[in-house]
$ cat upload14.txt   # compact mmCIF, C-alpha atoms
# COMPACT_ATOMS: atom_id res chain seq x y z
CA MET A 1 6.00 13.36 -23.47
CA PRO A 2 6.54 15.11 -20.12
CA ARG A 3 7.32 12.97 -17.10
CA PRO A 4 4.44 12.74 -14.60
CA TYR A 5 5.17 14.16 -11.17
CA ILE A 6 3.54 13.75 -7.75
CA LEU A 7 2.58 16.36 -5.17
CA SER A 8 1.14 15.76 -1.72
CA HIS A 9 -1.24 18.09 0.13
CA ASN A 10 -3.67 17.46 3.03
CA ASP A 11 -3.17 13.67 2.93
CA LYS A 12 -3.97 13.53 -0.80
CA TRP A 13 -1.55 12.61 -3.57
CA PHE A 14 -1.87 14.50 -6.87
CA VAL A 15 -0.35 13.14 -10.09
CA PHE A 16 0.32 15.77 -12.77
CA LEU A 17 1.38 15.39 -16.38
CA GLY A 18 2.73 18.76 -17.41
CA CYS A 19 0.22 21.18 -15.87
CA ALA A 20 -2.74 18.77 -16.12
CA LEU A 21 -4.01 16.83 -13.13
CA VAL A 22 -4.32 13.19 -14.23
CA ALA A 23 -5.09 11.48 -10.90
CA LEU A 24 -5.98 12.12 -7.29
CA CYS A 25 -4.88 9.28 -5.02
CA THR A 26 -5.31 8.49 -1.34
CA THR A 27 -1.92 6.77 -0.86
CA LYS A 28 1.61 7.41 -2.03
CA GLU A 29 1.82 3.85 -3.40
CA GLU A 30 -1.26 4.40 -5.55
CA ALA A 31 0.20 7.67 -6.89
CA LEU A 32 3.51 5.96 -7.69
CA GLU A 33 1.64 3.22 -9.58
CA VAL A 34 -0.19 5.83 -11.68
CA GLN A 35 3.13 7.57 -12.35
CA ARG A 36 4.77 4.28 -13.42
CA GLU A 37 1.83 3.51 -15.75
CA TRP A 38 2.13 6.87 -17.51
CA ILE A 39 5.90 6.40 -17.87
CA ARG A 40 5.39 2.88 -19.27
CA ARG A 41 2.87 4.16 -21.81
CA SER A 42 5.17 6.99 -22.82
CA GLN A 43 8.05 4.56 -23.37
CA SER A 44 5.87 2.22 -25.43
CA LEU A 45 4.86 5.14 -27.66
CA SER A 46 8.45 6.24 -28.18
CA SER A 47 9.48 2.66 -29.00
CA GLY A 48 7.05 2.62 -31.91
CA THR A 49 4.16 0.55 -30.58
CA ASP A 50 0.69 1.89 -31.34
CA GLU A 51 -0.73 1.83 -27.83
CA ILE A 52 -3.28 4.58 -27.20
CA ILE A 53 -2.79 6.66 -24.07
CA SER A 54 -5.94 6.73 -22.00
CA PRO A 55 -6.62 8.20 -18.57
CA PRO A 56 -6.04 6.11 -15.45
CA PRO A 57 -8.85 3.84 -14.23
CA SER A 58 -11.97 5.67 -13.08
CA GLY A 59 -12.24 6.57 -9.44
CA ARG A 60 -8.82 8.24 -9.28
CA VAL A 61 -9.50 11.22 -11.53
CA MET A 62 -10.82 14.40 -9.97
CA THR A 63 -12.54 17.08 -12.00
CA LEU A 64 -11.66 20.55 -10.80
CA ALA A 65 -14.31 23.25 -10.62
CA GLU A 66 -13.67 26.53 -12.38
CA ASN A 67 -12.45 28.13 -9.15
CA GLY A 68 -9.87 25.35 -8.73
CA ASN A 69 -11.22 24.12 -5.40
CA GLY A 70 -12.55 20.83 -6.74
CA ALA A 71 -15.86 21.40 -4.98

$ encode --input "upload14.txt" --output "structure tokens"
Amino acid sequence: MPRPYILSHNDKWFVFLGCALVALCTTKEEALEVQREWIRRSQSLSSGTDEIISPPPSGRVMTLAENGNGA
């Protein structure tokens, strides 16, 4: 599984997994927590546990419009 990475733009923190946006956060700490959660889940899958990967808690995920502006 790819490692999640964080980008910052206009006081927003974006967490990506590969080329998919998985979370939009308002603080760096929140983005780092989402990143750590995805890494933990990835490690649990590779260790053989049967945990299902689900998206982060609601409220942090942003759906992008077709034009990519998110509006």

$ closest_residue --input "upload14.txt" --among "A:Ile39, A:Glu33, A:Gly48, A:Tyr5" --to "A:Ala20" --atoms "all atoms listed in the file"
A:Tyr5

$ residues_near_point --input "upload14.txt" --point "(1.6, 7.0, -4.5)" --cutoff "10 Å" --atoms "all atoms listed in the file" --output "VMD selection string"
chain A and resid 6 to 8 12 to 15 24 to 36

$ write_last_selection --input "upload14.txt" --atoms "C-alpha atoms" --output "PDB file, keeping the file's coordinate frame"
ATOM      1  CA  ILE A   6       3.540  13.750  -7.750  1.00  0.00           C
ATOM      2  CA  LEU A   7       2.580  16.360  -5.170  1.00  0.00           C
ATOM      3  CA  SER A   8       1.140  15.760  -1.720  1.00  0.00           C
ATOM      4  CA  LYS A  12      -3.970  13.530  -0.800  1.00  0.00           C
ATOM      5  CA  TRP A  13      -1.550  12.610  -3.570  1.00  0.00           C
ATOM      6  CA  PHE A  14      -1.870  14.500  -6.870  1.00  0.00           C
ATOM      7  CA  VAL A  15      -0.350  13.140 -10.090  1.00  0.00           C
ATOM      8  CA  LEU A  24      -5.980  12.120  -7.290  1.00  0.00           C
ATOM      9  CA  CYS A  25      -4.880   9.280  -5.020  1.00  0.00           C
ATOM     10  CA  THR A  26      -5.310   8.490  -1.340  1.00  0.00           C
ATOM     11  CA  THR A  27      -1.920   6.770  -0.860  1.00  0.00           C
ATOM     12  CA  LYS A  28       1.610   7.410  -2.030  1.00  0.00           C
ATOM     13  CA  GLU A  29       1.820   3.850  -3.400  1.00  0.00           C
ATOM     14  CA  GLU A  30      -1.260   4.400  -5.550  1.00  0.00           C
ATOM     15  CA  ALA A  31       0.200   7.670  -6.890  1.00  0.00           C
ATOM     16  CA  LEU A  32       3.510   5.960  -7.690  1.00  0.00           C
ATOM     17  CA  GLU A  33       1.640   3.220  -9.580  1.00  0.00           C
ATOM     18  CA  VAL A  34      -0.190   5.830 -11.680  1.00  0.00           C
ATOM     19  CA  GLN A  35       3.130   7.570 -12.350  1.00  0.00           C
ATOM     20  CA  ARG A  36       4.770   4.280 -13.420  1.00  0.00           C
TER      21      ARG A  36
END

$ atom_distance --input "upload14.txt" --atom1 "atom CA of A:Ser42" --atom2 "atom CA of A:Pro2"
8.7 Å

$ atom_distance --input "upload14.txt" --atom1 "atom CA of A:Arg3" --atom2 "atom CA of A:Ser44"
13.7 Å
